[in-house]
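upload04.txt follows (compact mmCIF, C-alpha atoms):
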```txt
# COMPACT_ATOMS: atom_id res chain seq x y z
CA MET A 4 25.24 -15.18 -26.05
CA ASP A 5 24.47 -11.68 -24.76
CA ARG A 6 22.52 -12.48 -21.62
CA ARG A 7 20.46 -9.32 -21.44
CA SER A 8 19.57 -9.44 -25.11
CA PHE A 9 18.37 -12.99 -24.51
CA LEU A 10 16.14 -11.84 -21.63
CA LYS A 11 14.81 -9.00 -23.78
CA ASP A 12 13.93 -11.52 -26.50
CA LEU A 13 11.92 -13.53 -23.98
CA PHE A 14 10.02 -10.42 -22.88
CA ALA A 15 9.32 -9.52 -26.51
CA ALA A 16 7.94 -13.01 -27.13
CA ALA A 17 5.69 -12.74 -24.07
CA VAL A 18 4.31 -9.38 -25.22
CA LYS A 19 3.81 -10.60 -28.79
CA ALA A 20 1.76 -13.55 -27.53
CA ALA A 21 -0.57 -11.05 -25.83
CA ASP A 22 -0.88 -8.79 -28.88
CA PRO A 23 -4.62 -8.26 -29.49
CA ARG A 24 -4.07 -8.08 -33.23
CA ALA A 25 -3.17 -11.76 -33.25
CA SER A 26 -5.72 -12.99 -30.73
CA LEU A 27 -8.90 -10.99 -31.32
CA ILE A 28 -9.84 -12.60 -34.61
CA ARG A 29 -10.22 -16.04 -32.97
CA HIS A 30 -12.74 -14.75 -30.42
CA LEU A 31 -15.12 -12.51 -32.36
CA PRO A 32 -18.86 -12.81 -31.62
CA SER A 33 -21.48 -13.29 -34.32
CA ARG A 34 -22.84 -10.18 -36.04
CA PRO A 35 -26.03 -8.72 -34.55
CA LYS A 36 -29.27 -7.74 -36.31
CA GLY A 37 -28.82 -4.22 -35.04
CA ARG A 38 -25.87 -1.98 -34.16
CA THR A 39 -22.42 -2.93 -32.88
CA VAL A 40 -21.14 -0.60 -30.18
CA VAL A 41 -17.68 -0.90 -28.64
CA ILE A 42 -16.77 0.13 -25.12
CA GLY A 43 -13.63 -0.60 -23.18
CA ALA A 44 -11.06 0.36 -20.58
CA GLY A 45 -7.46 -0.49 -19.75
CA LYS A 46 -3.88 0.34 -20.57
CA GLY A 47 -4.11 -1.69 -23.80
CA ALA A 48 -7.70 -0.79 -24.67
CA ALA A 49 -6.82 1.62 -27.50
CA GLN A 50 -4.70 -1.00 -29.27
CA MET A 51 -7.49 -3.55 -28.78
CA ALA A 52 -9.93 -1.09 -30.38
CA ARG A 53 -7.67 -0.55 -33.36
CA ALA A 54 -7.22 -4.29 -33.80
CA LEU A 55 -10.98 -4.82 -33.64
CA GLU A 56 -11.53 -2.21 -36.34
CA ASP A 57 -9.12 -4.14 -38.57
CA VAL A 58 -10.94 -7.47 -38.25
CA TRP A 59 -14.61 -6.50 -37.85
CA ASP A 60 -16.26 -6.53 -41.29
CA ALA A 61 -19.36 -4.51 -40.39
CA PRO A 62 -20.10 -0.98 -39.14
CA LEU A 63 -19.21 -0.21 -35.53
CA SER A 64 -18.73 2.77 -33.24
CA GLY A 65 -18.01 3.41 -29.60
CA THR A 66 -15.58 4.69 -26.98
CA VAL A 67 -12.73 3.23 -24.95
CA VAL A 68 -10.58 4.81 -22.24
CA THR A 69 -6.87 4.30 -21.73
CA ARG A 70 -4.00 5.81 -19.77
CA TYR A 71 -2.49 9.16 -20.75
CA GLY A 72 0.04 8.57 -23.53
CA TYR A 73 -1.36 5.14 -24.40
CA GLY A 74 -3.78 6.19 -27.13
CA CYS A 75 -3.43 5.38 -30.83
CA GLU A 76 -5.06 6.20 -34.16
CA THR A 77 -8.49 4.68 -34.71
CA ARG A 78 -11.08 5.19 -37.45
CA HIS A 79 -14.47 4.62 -35.82
CA ILE A 80 -13.92 4.18 -32.08
CA ASP A 81 -13.20 7.24 -29.95
CA ILE A 82 -10.23 7.07 -27.58
CA ILE A 83 -10.32 8.94 -24.27
CA GLU A 84 -7.22 9.23 -22.08
CA ALA A 85 -7.33 9.44 -18.29
CA ALA A 86 -5.11 8.98 -15.24
CA HIS A 87 -3.64 5.74 -13.92
CA PRO A 88 -2.98 4.39 -11.28
CA VAL A 89 -4.79 7.18 -9.40
CA PRO A 90 -8.10 8.22 -11.04
CA ASP A 91 -8.97 11.74 -12.20
CA GLU A 92 -11.91 13.76 -13.53
CA ALA A 93 -11.16 12.69 -17.10
CA GLY A 94 -11.77 9.09 -16.06
CA LEU A 95 -15.04 10.08 -14.41
CA LYS A 96 -16.22 11.72 -17.64
CA ALA A 97 -15.10 8.65 -19.59
CA ALA A 98 -17.11 6.34 -17.33
CA ARG A 99 -20.22 8.42 -17.94
CA ARG A 100 -19.52 8.35 -21.68
CA LEU A 101 -19.40 4.55 -21.71
CA VAL A 102 -22.78 4.39 -19.97
CA SER A 103 -24.27 6.81 -22.51
CA GLU A 104 -22.95 4.67 -25.38
CA ILE A 105 -24.98 1.61 -24.35
CA GLU A 106 -27.91 2.55 -22.14
CA HIS A 107 -30.34 3.18 -25.03
CA LEU A 108 -29.47 0.09 -27.09
CA SER A 109 -32.01 -2.65 -27.81
CA ALA A 110 -31.96 -6.42 -27.56
CA ASP A 111 -31.05 -6.57 -31.27
CA ASP A 112 -27.81 -4.69 -30.69
CA LEU A 113 -24.37 -5.96 -29.66
CA VAL A 114 -21.91 -4.43 -27.22
CA ILE A 115 -18.30 -5.56 -27.53
CA ALA A 116 -16.44 -4.71 -24.33
CA LEU A 117 -12.64 -4.54 -24.61
CA ILE A 118 -11.30 -4.97 -21.09
CA CYS A 119 -7.74 -5.18 -19.82
CA GLY A 120 -5.64 -4.27 -16.80
CA GLY A 121 -5.75 -0.69 -15.58
CA GLY A 122 -9.46 -0.29 -16.14
CA SER A 123 -10.22 -0.01 -12.43
CA ALA A 124 -8.44 3.33 -12.11
CA LEU A 125 -9.52 4.53 -15.55
CA LEU A 126 -13.24 4.14 -14.76
CA PRO A 127 -13.90 6.01 -11.52
CA ALA A 128 -17.62 6.15 -10.81
CA PRO A 129 -18.23 6.76 -7.10
CA PRO A 130 -21.60 5.99 -5.50
CA GLU A 131 -24.19 8.72 -5.20
CA GLY A 132 -23.20 11.26 -2.56
CA PHE A 133 -19.47 10.74 -3.07
CA THR A 134 -16.92 12.42 -5.33
CA VAL A 135 -14.01 11.24 -7.42
CA ALA A 136 -11.79 12.57 -4.60
CA ASP A 137 -13.33 9.93 -2.31
CA GLU A 138 -12.54 7.22 -4.85
CA ILE A 139 -9.00 8.56 -5.25
CA ALA A 140 -8.44 8.43 -1.49
CA LEU A 141 -9.71 4.85 -1.34
CA ASN A 142 -7.57 3.85 -4.32
CA GLU A 143 -4.41 5.36 -2.81
CA GLN A 144 -4.87 3.35 0.37
CA LEU A 145 -5.49 0.16 -1.58
CA LEU A 146 -2.34 0.67 -3.68
CA ALA A 147 -0.20 1.20 -0.58
CA CYS A 148 -1.55 -1.52 1.72
CA GLY A 149 0.02 -4.58 0.08
CA ALA A 150 -3.26 -6.32 -0.76
CA PRO A 151 -3.35 -8.62 -3.82
CA ILE A 152 -5.14 -7.31 -6.90
CA SER A 153 -8.17 -9.56 -6.41
CA ALA A 154 -8.70 -8.15 -2.92
CA MET A 155 -8.29 -4.57 -4.10
CA ASN A 156 -10.80 -5.10 -6.87
CA THR A 157 -13.31 -6.67 -4.49
CA VAL A 158 -13.28 -3.43 -2.51
CA ARG A 159 -13.35 -1.23 -5.61
CA LYS A 160 -16.38 -2.93 -7.15
CA HIS A 161 -18.44 -2.27 -4.01
CA PHE A 162 -17.66 1.45 -4.14
CA SER A 163 -18.75 2.11 -7.70
CA THR A 164 -21.70 2.60 -10.01
CA ILE A 165 -19.90 0.95 -12.94
CA LYS A 166 -17.74 -1.91 -11.63
CA GLY A 167 -18.87 -5.39 -10.58
CA GLY A 168 -21.03 -5.89 -13.69
CA ARG A 169 -22.93 -2.64 -13.20
CA LEU A 170 -21.92 -1.22 -16.60
CA ALA A 171 -23.25 -4.22 -18.52
CA ALA A 172 -26.43 -4.14 -16.44
CA ARG A 173 -27.22 -0.72 -17.95
CA THR A 174 -28.12 -2.06 -21.39
CA LYS A 175 -30.65 -4.38 -23.03
CA ALA A 176 -28.10 -5.32 -25.71
CA ARG A 177 -26.11 -8.53 -25.67
CA VAL A 178 -22.66 -7.89 -24.19
CA VAL A 179 -19.58 -9.88 -25.21
CA SER A 180 -16.44 -9.03 -23.25
CA LEU A 181 -13.05 -9.68 -24.86
CA ILE A 182 -10.49 -9.70 -22.08
CA VAL A 183 -6.73 -9.48 -21.78
CA SER A 184 -6.22 -10.90 -18.30
CA ASP A 185 -3.75 -9.42 -15.84
CA ILE A 186 -5.24 -11.37 -12.93
CA PRO A 187 -3.46 -14.42 -11.46
CA GLY A 188 -5.70 -17.38 -12.24
CA ASP A 189 -7.55 -15.43 -14.99
CA ASN A 190 -10.75 -14.70 -13.07
CA ALA A 191 -12.39 -12.50 -15.71
CA ALA A 192 -14.62 -10.76 -13.16
CA HIS A 193 -11.54 -9.27 -11.48
CA VAL A 194 -9.95 -7.76 -14.59
CA ALA A 195 -10.50 -3.98 -14.30
CA SER A 196 -12.87 -4.80 -11.41
CA GLY A 197 -15.29 -6.41 -13.87
CA PRO A 198 -17.34 -3.52 -15.30
CA THR A 199 -19.17 -5.98 -17.56
CA ILE A 200 -18.82 -9.21 -15.54
CA PRO A 201 -20.35 -9.74 -12.09
CA ASP A 202 -18.97 -12.11 -9.48
CA GLY A 203 -20.16 -13.58 -6.23
CA SER A 204 -18.26 -11.31 -3.84
CA THR A 205 -20.29 -9.34 -1.32
CA ARG A 206 -19.96 -6.15 0.68
CA ASP A 207 -19.12 -8.35 3.67
CA ASP A 208 -16.11 -9.61 1.71
CA ALA A 209 -15.11 -6.02 1.02
CA LEU A 210 -15.48 -5.11 4.71
CA ALA A 211 -13.32 -8.09 5.70
CA ILE A 212 -10.56 -6.89 3.36
CA ILE A 213 -10.82 -3.35 4.72
CA ALA A 214 -10.37 -4.74 8.23
CA GLN A 215 -7.58 -7.15 7.29
CA TYR A 216 -5.45 -4.43 5.72
CA ARG A 217 -6.41 -1.82 8.30
CA LEU A 218 -7.61 0.76 5.82
CA LYS A 219 -8.36 4.07 7.53
CA LEU A 220 -11.50 5.16 5.74
CA PRO A 221 -13.82 8.08 6.52
CA GLN A 222 -16.95 7.11 8.40
CA ALA A 223 -19.17 8.04 5.45
CA VAL A 224 -17.27 5.59 3.24
CA LEU A 225 -17.50 2.84 5.86
CA ASP A 226 -21.22 3.51 6.21
CA HIS A 227 -21.59 2.96 2.47
CA PHE A 228 -19.91 -0.44 2.67
CA HIS A 229 -22.32 -1.39 5.45
CA SER A 230 -25.36 -0.39 3.37
CA ALA A 231 -27.30 -2.21 0.67
CA LEU A 232 -26.11 0.46 -1.80
CA ALA A 233 -22.76 -1.34 -1.87
CA ASP A 234 -24.32 -4.59 -3.11
CA ALA A 235 -23.22 -5.47 -6.65
CA PRO A 236 -25.39 -7.42 -9.12
CA ARG A 237 -25.27 -11.18 -8.71
CA PRO A 238 -23.99 -13.37 -11.56
CA ASP A 239 -27.35 -15.12 -11.84
CA ALA A 240 -29.28 -11.86 -12.38
CA PRO A 241 -31.49 -12.15 -15.52
CA VAL A 242 -29.87 -9.09 -17.12
CA PHE A 243 -26.68 -11.13 -17.67
CA ALA A 244 -28.35 -14.19 -19.22
CA ARG A 245 -27.33 -13.39 -22.81
CA HIS A 246 -23.88 -12.05 -21.99
CA ASP A 247 -20.59 -13.81 -22.67
CA HIS A 248 -16.88 -13.26 -22.13
CA ARG A 249 -13.69 -14.63 -23.69
CA ILE A 250 -10.13 -14.34 -22.41
CA ILE A 251 -8.06 -13.59 -25.51
CA ALA A 252 -4.65 -13.24 -23.84
CA SER A 253 -3.14 -14.11 -20.45
CA ALA A 254 0.09 -14.56 -18.53
CA ARG A 255 -0.04 -18.33 -19.11
CA LEU A 256 0.06 -17.96 -22.88
CA SER A 257 2.79 -15.33 -22.69
CA LEU A 258 5.02 -17.43 -20.45
CA GLU A 259 4.59 -20.42 -22.75
CA ALA A 260 5.68 -18.26 -25.71
CA ALA A 261 8.74 -17.06 -23.78
CA ALA A 262 9.65 -20.64 -22.87
CA GLU A 263 9.43 -21.70 -26.51
CA THR A 264 11.68 -18.79 -27.51
CA ALA A 265 14.26 -19.81 -24.91
CA ARG A 266 14.32 -23.37 -26.20
CA ASN A 267 14.78 -22.08 -29.73
CA HIS A 268 17.92 -20.36 -28.39
CA GLY A 269 19.12 -23.69 -27.02
CA ILE A 270 18.29 -22.88 -23.38
CA ASP A 271 15.94 -25.06 -21.36
CA ALA A 272 13.04 -23.22 -19.75
CA VAL A 273 10.80 -23.91 -16.76
CA ILE A 274 7.64 -22.05 -15.75
CA LEU A 275 7.17 -21.85 -11.99
CA SER A 276 3.66 -20.39 -12.17
CA ASP A 277 1.62 -17.72 -13.92
CA ARG A 278 -0.26 -16.77 -10.76
CA ILE A 279 2.36 -15.85 -8.18
CA GLU A 280 1.24 -13.25 -5.66
CA GLY A 281 2.69 -11.86 -2.46
CA GLU A 282 5.04 -9.14 -1.25
CA ALA A 283 7.51 -8.42 -4.06
CA ARG A 284 10.61 -8.66 -1.87
CA ASP A 285 9.44 -11.99 -0.39
CA VAL A 286 8.70 -13.45 -3.81
CA ALA A 287 12.16 -12.27 -4.91
CA SER A 288 13.82 -14.08 -2.01
CA VAL A 289 12.19 -17.37 -3.01
CA HIS A 290 13.15 -16.94 -6.67
CA ALA A 291 16.72 -16.09 -5.65
CA ALA A 292 16.94 -19.18 -3.46
CA ILE A 293 15.87 -21.36 -6.38
CA ALA A 294 18.39 -19.65 -8.67
CA ARG A 295 21.24 -20.21 -6.20
CA GLU A 296 20.28 -23.86 -5.76
CA VAL A 297 20.41 -24.35 -9.52
CA GLN A 298 23.72 -22.52 -9.85
CA GLU A 299 25.46 -24.31 -6.98
CA ARG A 300 23.91 -27.80 -7.05
CA ASP A 301 22.11 -28.23 -10.39
CA ARG A 302 18.79 -28.79 -8.66
CA PRO A 303 15.83 -28.70 -8.94
CA PHE A 304 16.77 -27.84 -12.54
CA SER A 305 19.99 -28.37 -14.47
CA LYS A 306 21.78 -25.31 -15.78
CA PRO A 307 21.80 -23.59 -18.13
CA VAL A 308 18.13 -22.84 -17.64
CA VAL A 309 15.80 -19.87 -17.66
CA ILE A 310 13.26 -19.76 -14.84
CA LEU A 311 10.02 -17.99 -15.78
CA SER A 312 7.11 -16.78 -13.67
CA GLY A 313 4.19 -14.38 -13.80
CA GLY A 314 1.34 -13.11 -11.68
CA GLU A 315 1.14 -9.90 -9.68
CA THR A 316 3.20 -9.13 -6.64
CA THR A 317 2.42 -6.30 -4.25
CA VAL A 318 4.38 -3.64 -2.39
CA THR A 319 3.56 -2.37 1.07
CA VAL A 320 4.62 1.25 0.81
CA ARG A 321 6.86 2.23 3.70
CA GLU A 322 8.16 5.51 2.28
CA LYS A 323 5.87 7.55 0.05
CA SER A 324 8.72 9.60 -1.44
CA GLY A 325 10.33 6.52 -3.01
CA LYS A 326 9.99 5.83 -6.73
CA GLY A 327 9.57 2.49 -8.42
CA GLY A 328 7.06 -0.30 -8.91
CA ARG A 329 6.67 -3.88 -7.81
CA ASN A 330 9.04 -5.23 -10.49
CA GLY A 331 11.80 -2.82 -9.50
CA GLU A 332 11.25 -3.80 -5.87
CA PHE A 333 11.46 -7.49 -6.87
CA ALA A 334 14.67 -6.89 -8.85
CA LEU A 335 16.40 -5.02 -6.03
CA ALA A 336 15.46 -7.64 -3.45
CA PHE A 337 16.60 -10.34 -5.87
CA ALA A 338 19.96 -8.57 -6.34
CA LEU A 339 20.50 -8.51 -2.59
CA ALA A 340 19.74 -12.24 -2.34
CA VAL A 341 22.09 -13.28 -5.19
CA ASP A 342 24.90 -10.86 -4.34
CA GLY A 343 28.18 -12.32 -5.57
CA ALA A 344 26.63 -15.18 -7.53
CA GLU A 345 28.03 -15.76 -11.01
CA ASP A 346 25.96 -16.32 -14.14
CA VAL A 347 22.65 -15.38 -12.54
CA ASP A 348 20.76 -12.69 -14.46
CA CYS A 349 17.20 -11.50 -13.92
CA LEU A 350 14.69 -9.35 -15.77
CA ALA A 351 11.55 -8.34 -13.89
CA ALA A 352 9.11 -6.19 -15.85
CA ASP A 353 5.46 -5.33 -16.32
CA THR A 354 4.15 -6.42 -19.70
CA ASP A 355 2.32 -3.11 -20.20
CA GLY A 356 5.66 -1.27 -20.27
CA ILE A 357 5.13 0.71 -17.06
CA ASP A 358 6.25 -0.40 -13.60
CA GLY A 359 4.43 1.67 -11.02
CA SER A 360 4.36 5.38 -11.78
CA GLU A 361 7.67 5.74 -13.61
CA SER A 362 8.45 5.33 -17.32
CA ASN A 363 10.38 2.05 -17.12
CA ALA A 364 8.87 -1.40 -17.49
CA GLY A 365 11.13 -2.88 -14.84
CA ALA A 366 14.82 -3.58 -14.30
CA PHE A 367 17.72 -5.98 -14.77
CA ALA A 368 19.55 -7.46 -11.78
CA ASP A 369 22.45 -9.87 -11.38
CA GLY A 370 25.11 -11.02 -8.94
CA SER A 371 27.13 -7.86 -9.49
CA SER A 372 24.33 -5.34 -8.91
CA ILE A 373 25.03 -4.80 -5.20
CA ARG A 374 28.79 -4.47 -5.70
CA ARG A 375 28.20 -1.84 -8.36
CA LEU A 376 25.84 0.06 -6.05
CA ASN A 377 28.41 -0.09 -3.25
CA GLU A 378 31.00 1.39 -5.61
CA GLN A 379 28.69 4.39 -5.95
CA ARG A 380 28.26 4.56 -2.15
CA LEU A 381 24.63 3.52 -2.43
CA ASP A 382 23.14 1.27 0.26
CA ALA A 383 20.85 -1.21 -1.53
CA ARG A 384 19.09 -2.37 1.63
CA HIS A 385 18.31 1.18 2.70
CA ILE A 386 17.05 1.98 -0.80
CA LEU A 387 14.81 -1.08 -0.71
CA ASN A 388 13.38 -0.05 2.65
CA MET A 389 12.66 3.38 1.16
CA ASN A 390 10.74 1.75 -1.75
CA ASP A 391 13.12 3.63 -4.06
CA SER A 392 14.23 0.90 -6.47
CA HIS A 393 14.00 3.27 -9.44
CA ALA A 394 16.86 5.33 -7.99
CA ALA A 395 19.06 2.25 -7.60
CA PHE A 396 18.61 0.90 -11.11
CA SER A 397 18.79 4.38 -12.64
CA ALA A 398 22.21 4.80 -11.00
CA LEU A 399 23.30 1.45 -12.48
CA ASP A 400 21.78 2.23 -15.90
CA ASP A 401 19.88 -1.05 -15.49
CA LEU A 402 16.34 0.20 -15.97
CA PHE A 403 14.39 -1.69 -18.64
CA GLU A 404 12.45 0.72 -20.82
CA THR A 405 10.05 -0.31 -23.58
CA GLY A 406 7.37 2.36 -23.75
CA PRO A 407 3.70 1.34 -23.87
CA THR A 408 3.36 -2.19 -25.28
CA GLY A 409 -0.35 -2.09 -26.10
CA THR A 410 -1.18 -5.04 -23.87
CA ASN A 411 -1.09 -6.05 -20.20
CA VAL A 412 -0.79 -9.58 -18.82
CA ASN A 413 0.93 -8.45 -15.65
CA ASP A 414 4.36 -9.27 -14.25
CA PHE A 415 7.00 -11.10 -16.30
CA ARG A 416 10.07 -12.52 -14.62
CA ALA A 417 12.91 -14.36 -16.34
CA ILE A 418 16.00 -15.60 -14.50
CA LEU A 419 18.87 -17.01 -16.54
CA VAL A 420 21.15 -19.35 -14.57
CA GLY A 421 24.37 -20.81 -15.98
CA ARG A 422 26.12 -20.39 -19.30
CA HIS A 423 25.20 -21.69 -22.72
CA LYS A 424 27.09 -24.93 -23.40
CA ALA A 425 27.31 -24.36 -27.13
```
Written form, C-alpha cells:
Amino acid sequence: MDRRSFLKDLFAAAVKAADPRASLIRHLPSRPKGRTVVIGAGKGAAQMARALEDVWDAPLSGTVVTRYGYGCETRHIDIIEAAHPVPDEAGLKAARRLVSEIEHLSADDLVIALICGGGSALLPAPPEGFTVADEIALNEQLLACGAPISAMNTVRKHFSTIKGGRLAARTKARVVSLIVSDIPGDNAAHVASGPTIPDGSTRDDALAIIAQYRLKLPQAVLDHFHSALADAPRPDAPVFARHDHRIIASARLSLEAAAETARNHGIDAVILSDRIEGEARDVASVHAAIAREVQERDRPFSKPVVILSGGETTVTVREKSGKGGRNGEFALAFALAVDGAEDVDCLAADTDGIDGSESNAGAFADGSSIRRLNEQRLDARHILNMNDSHAAFSALDDLFETGPTGTNVNDFRAILVGRHKA
C-alpha cells in the first residue's frame, strides 16, 4: 500500500462528505409566498450557491462573497470575490451589497444564508467612525496572537455592523442559514462570526479576550469596545423569532467518512476528536507521543491504525517573514517529535485547500523528514521557530496541494502507524 496515496484518499473522503452538493438537498427550507433571496460568505460560498441553484425548484436571486480565486459559474446568484485572511475594500463593498439585497424584503419573503469558514474576513463592516483599515489592523493582531477561532470571532462580532446577527436583523424576511461548520464543537453563531446568527457573548467578553492576548489596540478602538455601540443583538431579540439555521456539513461528519474509508482499505481507524484546539506545535507533540506509543508498544491502539483528528489549531506568530499555516506548523513539529520512527506517516491539511496564506493545503511528515532536511543543511527547529514551515516542506517536496475544494470544515489530520498486515 502506498502510504501517502492512502492518506490522500482519506482527505478526499473527508472533503467529499462536506460537499454542499450532497448535503444541501436534505436541509432546504419550505418555499415562501414571496421572493427567495440568497446571501452568503465564506471560502466555499460560491460552490454552495451553485449547489443551491441545482436543487432549488423555484426562482431565486442574490449575492455571495468568496475568496479571490474561489469563485465558480452560477446562473442566478452573483459571486463577488474579496481578500482573505486579511480584509480589503472589495469585501467592504460586498458586505454593503448583502445588506442591500435583504433590507427591503417583506415578511412573505425568504432569505437563504449560505455561511461557511472565511466569512469573517470576507465581510468587513467596521462601526461608524472607523475604516476598513481599522478592521484590517484588528484582524492582523487576532491572527497573530494565538487565540482560538471562537475567541477571535467574539472580538470581531463586537467591532462590526454586520457580524453577530446584525445582518439578519436588517430584514423583515424569514432567514434560514445553511452552514458548513469550521468551528470546533459546531457553534453555528461562531461560523464566519455569525452574520445571521446572534449569540450571548458581550462586549465585556471581547474586552477580556483583548486583555488576555495583550492586543495593542488604538485608544479609539478600545473606546468602542467600552461603549454600548459594541453591543450585538441578543439571541432572544424578537427580530430573530422566525429565523432558523441548519448545519449541513462539519468536521465530525468528515472524520467519520475518512474512518470508514480507512476501514474499507483494511486499516483500523480511531477518531481522537473533531474539536481539538491549541497551539499547533503543542497539539503536534501530543499526537506524536500517541503515535510513538502505538508504534513501540501497541497501545492505546493496535497497529496498523490510522489516527484521525480535526478542529482548529492556532499559531502564535514569532517571525512575520515566515510562510506557512497552522497545518504546516503542526506537520513540522510532528516531524521533529517522531524523528527516526519507522512506519509513522502524517498528513495535516486544511479542508478548504489553503493552509494560511500560501497555495498548499498542508504537508506530509514522517520519521525521515528531519533527516532529509539535515541532508539539505536545513535546521528544522530553527525553521519552526521562524514560523516558516512552508520553506521546509517545499525543500522536501512534501507540500500537499489540492487547490480550492469548495468546502471548509477546518483542519484534517491523519496519522498512519504500522504496516498493513495483508
Using all atoms listed in the file, determine which residues lie at most 8 Å from segment 189-203 of chain A, disregarding the query and same-chain residues fewer than 5 positions distant; provide the list as an NGL selection string. :A and (44-45 or 116 or 118-124 or 153 or 156-157 or 159-160 or 165-172 or 178 or 180 or 182 or 184 or 235-238 or 248 or 250 or 253)
Point-to-point distance from atom CA of Leu232 of chain A to atom CA of Glu106 of chain A, Å rounded to tenths: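 Atom CA of Glu106 of chain A lies at a distance of 20.5 Å from atom CA of Leu232 of chain A.
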Near Pro32 of chain A, within 10 Å and counting all atoms listed in the file, which residues show up once chain neighbours fewer than 4 positions away are dropped, as a PyMOL selection string? chain A and resi 28+59+113-115+178-181+247-249
Could you pull the residues within 7 Å of segment 292-302 of chain A, counting all atoms listed in the file, minus those fewer than 3 positions along the same chain, as a list in words?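 The residues satisfying every condition are Ser288, Val289, Ser305, Lys306, Val420 and Gly421 of chain A.
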For atom CA of Phe304 of chain A and atom CA of Asp271 of chain A, the interatomic separation in Å (one decimal): 9.3 Å
When distances are computed from all atoms listed in the file, which of A:Ile357, A:Leu311, A:Val273, A:Leu125 shows the smallest separation from Pro407 of chain A? A:Ile357
To one decimal place in Å, what is the distance between atom CA of Ala52 of chain A and atom CA of Leu95 of chain A?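 Value for the atom CA of Ala52 of chain A-atom CA of Leu95 of chain A distance: 20.1 Å.
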Which one is closest to Gly132 of chain A: A:Glu378, A:Glu282, A:Asp401, A:Asp226? Count only C-alpha atoms.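 Selected residue with least distance to Gly132 of chain A: A:Asp226.
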Best match for closeness to Ala15 of chain A among A:Ala265, A:Arg321, A:Ser312, A:His79, counting all atoms listed in the file: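 With all atoms listed in the file as the atom set, the closest residue is A:Ala265.
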Coordinate excerpt as an mmCIF file, in the first residue's frame: segment 397-414 of chain A, C-alpha atoms:
```cif
data_model
loop_
_atom_site.group_PDB
_atom_site.id
_atom_site.type_symbol
_atom_site.label_atom_id
_atom_site.label_comp_id
_atom_site.auth_asym_id
_atom_site.auth_seq_id
_atom_site.Cartn_x
_atom_site.Cartn_y
_atom_site.Cartn_z
ATOM 1 C CA SER A 397 8.852 22.923 -0.146
ATOM 2 C CA ALA A 398 12.510 21.870 0.112
ATOM 3 C CA LEU A 399 11.396 18.273 0.767
ATOM 4 C CA ASP A 400 8.760 18.367 -1.993
ATOM 5 C CA ASP A 401 6.290 17.314 0.709
ATOM 6 C CA LEU A 402 3.727 20.084 0.352
ATOM 7 C CA PHE A 403 0.169 18.832 -0.121
ATOM 8 C CA GLU A 404 -1.584 20.818 -2.837
ATOM 9 C CA THR A 405 -5.228 20.394 -3.805
ATOM 10 C CA GLY A 406 -6.440 23.794 -4.973
ATOM 11 C CA PRO A 407 -9.747 25.168 -3.653
ATOM 12 C CA THR A 408 -12.002 22.313 -2.527
ATOM 13 C CA GLY A 409 -15.279 24.227 -2.410
ATOM 14 C CA THR A 410 -15.870 23.496 1.264
ATOM 15 C CA ASN A 411 -14.309 24.174 4.664
ATOM 16 C CA VAL A 412 -14.657 22.042 7.796
ATOM 17 C CA ASN A 413 -11.295 23.084 9.167
ATOM 18 C CA ASP A 414 -8.198 21.045 9.992
#
```
